[in-house]
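Here's the structure, in structure tokens; my notes come after.
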Amino acid sequence: MALYGATSGEVAISKIDGAINQAVLKIDNKMNNYFQYNYFVKYKDQIIHKYLQGGQGNLSANIIKKLEFYYPNLEEQQKISNYLLLIDNKIELLEKKHHEYQNFKKYLMQQIFAQKLRFADSDSCWKEISLKDIGTFYRGHSYNSTNVADEGLLVLRSNNIQGNVLDFSEDGLQFVDKDCKKELELQKNDIVICMSNGTRRLVGKSAEYTGNYENKVTVGAFCSIFRTKNKLAKYLFQTESYKKNLYLILAGTNINNLKNSDLEKFKFNIPTNESEINKIHDLFVSIDNKIDYNKKQFEEITLFKKGLLQQMFVVQLILSLLQNKKHI
């Protein structure tokens, strides 16, 4: 268990022989390691909240030793651990599949936009275009803190762009009572781009708006909208060429800020054959669907485990209170 700093309370099971320093606590007792590991995962936040007030201070061996720990006999611990291990193996497999899908998609994009992998006859033409040739950029909606409200116009910001997908989780949404220009209302298939952020690596990240929000929605002034009818446009923002262009622009300044005119100049090679465009688009969509499905499975099983731990330790707590209170 980590005792100091930002990682206080983090736990892991060592898979190798080695030594630890004073910032790490080895917990060695007669309990099942995996059962105990999951207990600390479940109650980490409560331990930190109780013993590290305001994020200050450190944990210690004495604090951990005094924690009240309710647990069943070793045989039951083993059965519980075996089941939790099956779940964690499934979670690990889904994480691995996610990385494999992402790497496969990255490889295909490199091969396709380098014209090494073709979906049409060899004489099918490709042409160089700039983003300005295939669409229009609009800088986002400006407002101030007095316009922030509990309801009204939804304004998407850079934190809503997660892994090339727009995240509409309630805790990350911001509404304002100031209306936007008609052209700034998001339309289906618009691409949202982060244009300015305190963290440089986040500048330039993008996501397509799929039209899945029932009310009017726009983006904030630190973002831009790219409106286009080109089916491959959103994938151009995910290519290595796009990332290299971003690096060249941002490397020469201390300000993590893009202008629409910067992005308008980005050049790419794209196919002109409609059949090839459709085949490439459909391939990327099928991979994205697999990534989304895998992500949904991961979220569901992670939530299932969280609920399982909650119920398991609450039931064990009640049983233990009726019997004997035990410590680590």
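Please note that chains go A, B, ... in the order of the structure tokens, that every chain numbers its residues from 1, and that ligands are numbered from 1 in the order shown.
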Open item on the list: Need the shell around Ser142 (chain A): protein/DNA/RNA residues with any atom at most 10 Å away, counting only C-alpha atoms. Skip same-chain ones fewer than 4 positions apart. Format as number ranges by chain?
Closed with: A: 147, 155, 178-180, 219-222
Open item on the list: Please identify the strand (DSSP E) residues within region 110-328 of chain A (assignment by DSSP from backbone atoms) and present them as a VMD selection string.
Closed with: chain A and resid 126 to 130 135 to 139 148 to 149 153 to 156 161 to 162 165 to 166 174 to 176 191 to 194 206 to 208 217 to 219 223 to 228 267 to 271
TODO: Extract, using only C-alpha atoms, all DNA, RNA and protein residues at most 12 Å from region 8-23 of chain A, discarding same-chain residues fewer than 2 positions from it, and format them as a ChimeraX atom specification.
DONE: /A:1-6,25-28,32-52,55-61,63-64
Emit the selected residues as a compact mmCIF listing (two decimals), in the first residue's frame, including N, CA and C atoms.
# COMPACT_ATOMS: atom_id res chain seq x y z
N MET A 1 0.85 -1.20 0.00
CA MET A 1 0.00 0.00 0.00
C MET A 1 0.88 1.25 0.00
N ALA A 2 0.51 2.20 -0.86
CA ALA A 2 1.22 3.48 -0.89
C ALA A 2 0.77 4.34 0.30
N LEU A 3 1.72 4.95 0.98
CA LEU A 3 1.42 5.72 2.18
C LEU A 3 1.49 7.22 1.98
N TYR A 4 2.29 7.68 1.03
CA TYR A 4 2.56 9.12 0.90
C TYR A 4 2.05 9.68 -0.42
N GLY A 5 1.78 10.98 -0.40
CA GLY A 5 1.54 11.74 -1.63
C GLY A 5 0.22 11.43 -2.31
N ALA A 6 0.20 11.73 -3.61
CA ALA A 6 -1.04 11.63 -4.40
C ALA A 6 -1.53 10.20 -4.53
N LEU A 25 3.86 0.30 2.27
CA LEU A 25 3.64 -0.61 3.39
C LEU A 25 3.34 -2.01 2.87
N LYS A 26 4.07 -2.99 3.40
CA LYS A 26 3.78 -4.38 3.10
C LYS A 26 2.80 -4.90 4.14
N ILE A 27 1.67 -5.42 3.68
CA ILE A 27 0.66 -5.96 4.59
C ILE A 27 0.76 -7.47 4.54
N ASP A 28 1.20 -8.04 5.63
CA ASP A 28 1.48 -9.48 5.68
C ASP A 28 0.70 -10.10 6.84
N ASN A 32 -6.49 -13.97 2.92
CA ASN A 32 -6.31 -14.16 1.49
C ASN A 32 -5.93 -12.82 0.86
N ASN A 33 -4.83 -12.79 0.13
CA ASN A 33 -4.33 -11.54 -0.44
C ASN A 33 -5.34 -10.86 -1.36
N TYR A 34 -5.98 -11.65 -2.21
CA TYR A 34 -6.88 -11.05 -3.20
C TYR A 34 -8.15 -10.51 -2.56
N PHE A 35 -8.63 -11.21 -1.54
CA PHE A 35 -9.79 -10.72 -0.79
C PHE A 35 -9.43 -9.39 -0.13
N GLN A 36 -8.28 -9.34 0.52
CA GLN A 36 -7.84 -8.14 1.21
C GLN A 36 -7.59 -6.98 0.25
N TYR A 37 -7.00 -7.30 -0.90
CA TYR A 37 -6.75 -6.29 -1.94
C TYR A 37 -8.06 -5.60 -2.35
N ASN A 38 -9.09 -6.40 -2.61
CA ASN A 38 -10.37 -5.84 -3.05
C ASN A 38 -11.05 -5.06 -1.94
N TYR A 39 -10.82 -5.44 -0.69
CA TYR A 39 -11.37 -4.68 0.43
C TYR A 39 -10.79 -3.27 0.43
N PHE A 40 -9.47 -3.16 0.26
CA PHE A 40 -8.84 -1.84 0.27
C PHE A 40 -9.23 -1.02 -0.96
N VAL A 41 -9.42 -1.68 -2.08
CA VAL A 41 -9.91 -0.97 -3.28
C VAL A 41 -11.27 -0.36 -3.00
N LYS A 42 -12.13 -1.14 -2.37
CA LYS A 42 -13.49 -0.69 -2.07
C LYS A 42 -13.49 0.48 -1.10
N TYR A 43 -12.65 0.43 -0.05
CA TYR A 43 -12.71 1.43 1.02
C TYR A 43 -11.60 2.47 0.97
N LYS A 44 -10.86 2.51 -0.11
CA LYS A 44 -9.75 3.46 -0.21
C LYS A 44 -10.21 4.91 0.05
N ASP A 45 -11.27 5.34 -0.65
CA ASP A 45 -11.72 6.74 -0.52
C ASP A 45 -12.12 7.07 0.91
N GLN A 46 -12.77 6.13 1.58
CA GLN A 46 -13.18 6.37 2.96
C GLN A 46 -11.97 6.48 3.89
N ILE A 47 -10.97 5.65 3.66
CA ILE A 47 -9.76 5.70 4.47
C ILE A 47 -9.04 7.04 4.28
N ILE A 48 -8.91 7.46 3.02
CA ILE A 48 -8.25 8.73 2.72
C ILE A 48 -9.01 9.90 3.33
N HIS A 49 -10.33 9.87 3.19
CA HIS A 49 -11.16 10.96 3.72
C HIS A 49 -11.02 11.08 5.23
N LYS A 50 -10.94 9.94 5.91
CA LYS A 50 -10.88 9.96 7.38
C LYS A 50 -9.52 10.36 7.90
N TYR A 51 -8.44 9.88 7.27
CA TYR A 51 -7.11 10.06 7.86
C TYR A 51 -6.24 11.11 7.16
N LEU A 52 -6.63 11.53 5.98
CA LEU A 52 -5.87 12.58 5.28
C LEU A 52 -6.78 13.77 5.06
N GLY A 55 -6.53 16.36 2.06
CA GLY A 55 -5.46 15.88 1.20
C GLY A 55 -4.07 16.02 1.80
N GLN A 56 -4.01 16.46 3.08
CA GLN A 56 -2.72 16.66 3.74
C GLN A 56 -2.37 15.47 4.62
N GLY A 57 -1.07 15.28 4.86
CA GLY A 57 -0.62 14.22 5.73
C GLY A 57 -0.38 12.92 4.98
N ASN A 58 0.01 11.90 5.75
CA ASN A 58 0.31 10.60 5.16
C ASN A 58 -0.34 9.49 5.96
N LEU A 59 -0.50 8.36 5.31
CA LEU A 59 -0.92 7.17 6.04
C LEU A 59 0.30 6.59 6.75
N SER A 60 0.06 5.65 7.65
CA SER A 60 1.16 5.01 8.37
C SER A 60 0.77 3.58 8.71
N ALA A 61 1.77 2.80 9.11
CA ALA A 61 1.50 1.42 9.49
C ALA A 61 0.55 1.37 10.69
N ILE A 63 -1.82 3.49 11.50
CA ILE A 63 -3.19 3.77 11.06
C ILE A 63 -3.81 2.53 10.44
N ILE A 64 -3.08 1.87 9.55
CA ILE A 64 -3.61 0.70 8.85
C ILE A 64 -3.88 -0.44 9.83
Excluding Asp171 (chain A) and residues on its chain fewer than 2 positions from it, collect all residues at most 12 Å away from it, counting only C-alpha atoms, and give them as a CSV table (one decimal) with C-alpha atoms, in the first residue's frame.
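around19.csv, written as the output of this step:
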chain,number,residue,atom,x,y,z
A,150,ASP,CA,-28.8,25.3,-14.2
A,159,ASN,CA,-13.7,18.2,-21.1
A,160,ASN,CA,-16.6,16.8,-23.1
A,167,ASP,CA,-19.3,12.8,-23.5
A,168,PHE,CA,-22.7,13.9,-22.3
A,169,SER,CA,-22.3,12.8,-18.7
A,173,LEU,CA,-22.3,19.6,-18.7
A,174,GLN,CA,-22.5,23.3,-18.6
A,175,PHE,CA,-25.6,25.4,-19.4
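Between CA of Asp288 (chain A) and CA of Tyr235 (chain A) the interatomic distance comes to 10.9 Å.
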Open item on the list: Show me, as a ChimeraX atom specification, the residues that have an atom within 9 Å of Ile277 (chain A) when counting only C-alpha atoms, minus same-chain residues fewer than 4 positions from it.
Closed with: /A:119,231-232,270-273,281-282
Hey, can you spit out that residue selection with all heavy atoms as a CSV table (one decimal), in the first residue's frame?
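Okay, this is what ended up in out.csv:
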chain,number,residue,atom,x,y,z
A,119,PHE,N,-9.0,0.5,-51.9
A,119,PHE,CA,-10.3,-0.2,-51.9
A,119,PHE,C,-11.0,0.1,-53.3
A,119,PHE,O,-12.2,0.2,-53.4
A,119,PHE,CB,-11.2,0.4,-50.8
A,119,PHE,CG,-10.8,-0.1,-49.5
A,119,PHE,CD1,-9.7,0.6,-48.8
A,119,PHE,CD2,-11.3,-1.2,-48.8
A,119,PHE,CE1,-9.3,0.2,-47.5
A,119,PHE,CE2,-10.9,-1.6,-47.6
A,119,PHE,CZ,-9.9,-0.9,-46.9
A,231,LYS,N,-17.4,12.5,-45.8
A,231,LYS,CA,-17.5,11.3,-44.9
A,231,LYS,C,-16.2,11.0,-44.2
A,231,LYS,O,-16.3,10.4,-43.1
A,231,LYS,CB,-18.0,10.1,-45.7
A,231,LYS,CG,-19.4,10.1,-46.2
A,231,LYS,CD,-19.8,8.8,-46.8
A,231,LYS,CE,-21.2,8.8,-47.2
A,231,LYS,NZ,-21.6,7.5,-47.8
A,232,LEU,N,-15.1,11.3,-44.8
A,232,LEU,CA,-13.8,10.9,-44.1
A,232,LEU,C,-13.2,12.0,-43.2
A,232,LEU,O,-12.2,11.8,-42.6
A,232,LEU,CB,-12.8,10.5,-45.2
A,232,LEU,CG,-13.2,9.4,-46.1
A,232,LEU,CD1,-12.1,9.1,-47.2
A,232,LEU,CD2,-13.5,8.1,-45.3
A,270,ILE,N,-6.8,12.5,-50.1
A,270,ILE,CA,-8.1,11.7,-49.9
A,270,ILE,C,-8.5,11.2,-51.3
A,270,ILE,O,-8.2,11.8,-52.3
A,270,ILE,CB,-9.2,12.6,-49.3
A,270,ILE,CG1,-9.6,13.8,-50.2
A,270,ILE,CG2,-8.8,13.1,-47.9
A,270,ILE,CD1,-10.8,14.5,-49.8
A,271,PRO,N,-9.3,10.1,-51.3
A,271,PRO,CA,-9.7,9.6,-52.6
A,271,PRO,C,-10.8,10.4,-53.2
A,271,PRO,O,-11.5,11.1,-52.5
A,271,PRO,CB,-10.3,8.2,-52.1
A,271,PRO,CG,-10.7,8.3,-50.7
A,271,PRO,CD,-9.7,9.3,-50.1
A,272,THR,N,-11.0,10.3,-54.5
A,272,THR,CA,-12.0,11.0,-55.2
A,272,THR,C,-13.1,10.1,-55.6
A,272,THR,O,-14.2,10.5,-56.0
A,272,THR,CB,-11.5,11.7,-56.4
A,272,THR,OG1,-10.8,10.8,-57.3
A,272,THR,CG2,-10.4,12.8,-56.0
A,273,ASN,N,-12.8,8.8,-55.7
A,273,ASN,CA,-13.8,7.7,-56.1
A,273,ASN,C,-14.8,7.5,-55.0
A,273,ASN,O,-14.4,7.2,-53.9
A,273,ASN,CB,-13.0,6.4,-56.4
A,273,ASN,CG,-13.9,5.4,-56.9
A,273,ASN,OD1,-14.8,4.8,-56.2
A,273,ASN,ND2,-13.8,5.0,-58.2
A,281,HIS,N,-14.9,4.6,-45.3
A,281,HIS,CA,-15.8,5.1,-44.3
A,281,HIS,C,-16.5,3.9,-43.5
A,281,HIS,O,-16.5,3.9,-42.3
A,281,HIS,CB,-16.9,6.0,-44.9
A,281,HIS,CG,-17.9,6.4,-43.9
A,281,HIS,ND1,-19.1,5.8,-43.8
A,281,HIS,CD2,-17.9,7.4,-43.0
A,281,HIS,CE1,-19.8,6.4,-42.8
A,281,HIS,NE2,-19.1,7.4,-42.3
A,282,ASP,N,-17.0,3.0,-44.3
A,282,ASP,CA,-17.7,1.8,-43.7
A,282,ASP,C,-16.8,1.0,-42.8
A,282,ASP,O,-17.2,0.5,-41.8
A,282,ASP,CB,-18.4,1.0,-44.7
A,282,ASP,CG,-19.6,1.7,-45.4
A,282,ASP,OD1,-20.0,2.7,-44.9
A,282,ASP,OD2,-20.0,1.2,-46.5
Open item on the list: Rounded to one decimal, what separation in Å do you get between CA of Leu85 (chain A) and CA of Phe104 (chain A)?
Closed with: 28.2 Å
- [ ] Determine which residues of region 53-285 of chain A receive a DSSP assignment of helix (DSSP H, G or I), computed from the backbone, and state them as a PyMOL selection string.
- [x] chain A and resi 53-55+61-65+74-113+131-134+145-147+158-160+170-172+182-184+200-202+233-236+240-250+260-264+274-285
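Distance check against Lys296 (chain A) using only C-alpha atoms: of A:Asn29, A:Asn73, A:Ile87, A:Glu95, the minimum falls on A:Glu95.
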Residues within 7 Å of Cys194 (chain A), only C-alpha atoms, excluding chain neighbours under 4 positions, as a CSV table (one decimal) with all heavy atoms, in the first residue's frame:
chain,number,residue,atom,x,y,z
A,158,SER,N,-14.0,21.5,-23.8
A,158,SER,CA,-13.0,20.5,-24.1
A,158,SER,C,-13.1,19.2,-23.3
A,158,SER,O,-12.7,18.1,-23.7
A,158,SER,CB,-11.6,21.1,-23.9
A,158,SER,OG,-11.3,21.5,-22.6
A,203,VAL,N,-4.9,20.0,-26.8
A,203,VAL,CA,-5.2,21.0,-27.9
A,203,VAL,C,-5.3,20.2,-29.2
A,203,VAL,O,-4.4,19.5,-29.5
A,203,VAL,CB,-4.2,22.1,-28.0
A,203,VAL,CG1,-4.6,23.0,-29.1
A,203,VAL,CG2,-4.2,22.9,-26.6
A,204,GLY,N,-6.4,20.3,-29.9
A,204,GLY,CA,-6.5,19.7,-31.2
A,204,GLY,C,-7.4,18.4,-31.1
A,204,GLY,O,-7.7,17.8,-32.2
A,205,LYS,N,-7.7,17.9,-29.9
A,205,LYS,CA,-8.5,16.7,-29.8
A,205,LYS,C,-9.9,17.0,-30.4
A,205,LYS,O,-10.4,18.1,-30.4
A,205,LYS,CB,-8.6,16.2,-28.4
A,205,LYS,CG,-9.3,17.1,-27.4
A,205,LYS,CD,-9.4,16.4,-26.0
A,205,LYS,CE,-10.1,17.3,-25.0
A,205,LYS,NZ,-10.3,16.7,-23.7
A,206,SER,N,-10.5,16.0,-30.9
A,206,SER,CA,-11.8,16.2,-31.7
A,206,SER,C,-12.8,15.1,-31.5
A,206,SER,O,-12.4,14.0,-31.0
A,206,SER,CB,-11.5,16.4,-33.2
A,206,SER,OG,-11.0,15.2,-33.7
A,222,PHE,N,-13.5,28.1,-26.4
A,222,PHE,CA,-12.2,27.5,-26.5
A,222,PHE,C,-12.2,26.3,-27.4
A,222,PHE,O,-11.3,25.5,-27.5
A,222,PHE,CB,-11.7,27.0,-25.1
A,222,PHE,CG,-11.3,28.1,-24.2
A,222,PHE,CD1,-11.1,27.9,-22.8
A,222,PHE,CD2,-11.0,29.4,-24.7
A,222,PHE,CE1,-10.7,29.0,-22.0
A,222,PHE,CE2,-10.6,30.4,-23.9
A,222,PHE,CZ,-10.5,30.2,-22.5
A,223,CYS,N,-13.4,26.1,-28.1
A,223,CYS,CA,-13.5,25.0,-29.1
A,223,CYS,C,-14.0,25.6,-30.4
A,223,CYS,O,-14.3,26.8,-30.5
A,223,CYS,CB,-14.6,24.0,-28.6
A,223,CYS,SG,-14.1,23.0,-27.2
A,224,SER,N,-13.9,24.9,-31.5
A,224,SER,CA,-14.4,25.2,-32.8
A,224,SER,C,-15.2,24.1,-33.4
A,224,SER,O,-15.1,23.0,-32.9
A,224,SER,CB,-13.2,25.5,-33.8
A,224,SER,OG,-12.7,26.9,-33.6
- [ ] Would you list the contacts of Leu263 (chain A) as a ChimeraX atom specification, taking every protein, DNA or RNA residue within 12 Å and counting only C-alpha atoms, but skipping same-chain residues closer than 3 positions in sequence?
- [x] /A:130-139,193-195,203-204,224-226,236-237,242-243,245-246,248-250,257-260,266-268
Kindly export the residues of the current selection with N, CA and C atoms, as a short mmCIF file (atom, residue, chain, number, x, y, z; two decimals), in the first residue's frame.
data_model
loop_
_atom_site.label_atom_id
_atom_site.label_comp_id
_atom_site.auth_asym_id
_atom_site.auth_seq_id
_atom_site.Cartn_x
_atom_site.Cartn_y
_atom_site.Cartn_z
N SER A 130 -6.94 20.83 -48.66
CA SER A 130 -6.80 21.45 -47.34
C SER A 130 -8.16 21.35 -46.67
N LEU A 131 -8.20 21.46 -45.36
CA LEU A 131 -9.48 21.38 -44.66
C LEU A 131 -10.42 22.49 -45.11
N LYS A 132 -9.86 23.60 -45.51
CA LYS A 132 -10.70 24.71 -46.00
C LYS A 132 -11.45 24.32 -47.26
N ASP A 133 -10.87 23.39 -48.05
CA ASP A 133 -11.51 22.97 -49.30
C ASP A 133 -12.76 22.13 -49.08
N ILE A 134 -12.85 21.48 -47.92
CA ILE A 134 -13.96 20.54 -47.73
C ILE A 134 -14.91 20.93 -46.61
N GLY A 135 -14.69 22.07 -45.97
CA GLY A 135 -15.59 22.47 -44.90
C GLY A 135 -15.30 23.86 -44.37
N THR A 136 -16.07 24.24 -43.35
CA THR A 136 -15.97 25.58 -42.76
C THR A 136 -15.80 25.48 -41.25
N PHE A 137 -14.91 26.31 -40.72
CA PHE A 137 -14.68 26.36 -39.27
C PHE A 137 -15.45 27.51 -38.64
N TYR A 138 -16.00 27.28 -37.46
CA TYR A 138 -16.68 28.31 -36.68
C TYR A 138 -16.14 28.27 -35.25
N ARG A 139 -15.65 29.40 -34.76
CA ARG A 139 -15.19 29.47 -33.37
C ARG A 139 -16.38 29.47 -32.45
N ILE A 193 -13.74 20.58 -32.07
CA ILE A 193 -12.29 20.55 -31.86
C ILE A 193 -11.92 21.43 -30.68
N CYS A 194 -11.07 20.92 -29.79
CA CYS A 194 -10.51 21.73 -28.70
C CYS A 194 -9.43 22.64 -29.29
N MET A 195 -9.61 23.95 -29.17
CA MET A 195 -8.69 24.92 -29.77
C MET A 195 -7.74 25.54 -28.75
N VAL A 203 -4.89 20.02 -26.78
CA VAL A 203 -5.25 20.96 -27.86
C VAL A 203 -5.29 20.19 -29.18
N GLY A 204 -6.40 20.33 -29.90
CA GLY A 204 -6.55 19.66 -31.18
C GLY A 204 -7.38 18.40 -31.12
N SER A 224 -13.87 24.86 -31.47
CA SER A 224 -14.38 25.24 -32.79
C SER A 224 -15.23 24.13 -33.35
N ILE A 225 -16.06 24.50 -34.32
CA ILE A 225 -16.89 23.55 -35.06
C ILE A 225 -16.37 23.47 -36.48
N PHE A 226 -16.20 22.26 -36.99
CA PHE A 226 -15.86 22.07 -38.40
C PHE A 226 -17.06 21.41 -39.07
N LEU A 236 -9.73 12.28 -40.62
CA LEU A 236 -8.53 13.07 -40.90
C LEU A 236 -7.98 13.69 -39.62
N PHE A 237 -8.88 14.02 -38.68
CA PHE A 237 -8.48 14.61 -37.41
C PHE A 237 -7.86 13.57 -36.45
N TYR A 242 -2.27 14.77 -39.08
CA TYR A 242 -2.93 15.84 -38.31
C TYR A 242 -2.13 16.14 -37.04
N LYS A 243 -1.70 15.09 -36.34
CA LYS A 243 -0.95 15.27 -35.10
C LYS A 243 0.39 15.96 -35.35
N ASN A 245 1.02 18.07 -37.81
CA ASN A 245 0.72 19.48 -38.09
C ASN A 245 0.47 20.26 -36.80
N LEU A 246 -0.24 19.63 -35.87
CA LEU A 246 -0.48 20.27 -34.58
C LEU A 246 0.83 20.55 -33.86
N LEU A 248 3.81 20.98 -35.07
CA LEU A 248 4.59 22.04 -35.72
C LEU A 248 4.06 23.42 -35.35
N ILE A 249 2.75 23.54 -35.20
CA ILE A 249 2.16 24.83 -34.85
C ILE A 249 2.40 25.17 -33.38
N LEU A 250 2.14 24.21 -32.51
CA LEU A 250 2.20 24.46 -31.07
C LEU A 250 3.62 24.50 -30.53
N ASN A 257 -2.83 27.48 -28.07
CA ASN A 257 -4.02 28.01 -28.71
C ASN A 257 -3.93 27.85 -30.23
N LEU A 258 -5.01 27.37 -30.82
CA LEU A 258 -5.10 27.26 -32.27
C LEU A 258 -6.09 28.29 -32.81
N LYS A 259 -5.88 28.70 -34.04
CA LYS A 259 -6.84 29.56 -34.73
C LYS A 259 -7.48 28.75 -35.85
N ASN A 260 -8.68 29.17 -36.23
CA ASN A 260 -9.33 28.47 -37.35
C ASN A 260 -8.45 28.51 -38.60
N PHE A 266 -4.27 22.84 -43.03
CA PHE A 266 -3.83 21.44 -42.94
C PHE A 266 -4.18 20.71 -44.22
N LYS A 267 -3.20 20.00 -44.78
CA LYS A 267 -3.40 19.32 -46.05
C LYS A 267 -3.39 17.80 -45.89
N PHE A 268 -4.22 17.15 -46.67
CA PHE A 268 -4.34 15.69 -46.64
C PHE A 268 -4.58 15.16 -48.05
#
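Among the candidate residues A:Gln102, A:Asn269, A:Gln187, A:Trp126, the one lying nearest to Lys216 (chain A) is A:Gln187, with distances computed using only C-alpha atoms.
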- [ ] Figure out the distance between CA of Glu214 (chain A) and CA of Leu154 (chain A), please, to one decimal in Å.
- [x]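 Interatomic distance, CA of Leu154 (chain A) to CA of Glu214 (chain A): 10.7 Å.
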Task: Option closest in space to Glu76 (chain A), from A:Glu183, A:Met31, A:Glu299, A:Asn62 [counting only C-alpha atoms] - done: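 The shortest atom-to-atom distance to Glu76 (chain A) comes from A:Met31.
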- [ ] Would you mind telling me which residue in A:Lys66, A:Lys97, A:His141, A:Arg200 lies nearest to Glu185 (chain A) when using only C-alpha atoms?
- [x] A:His141
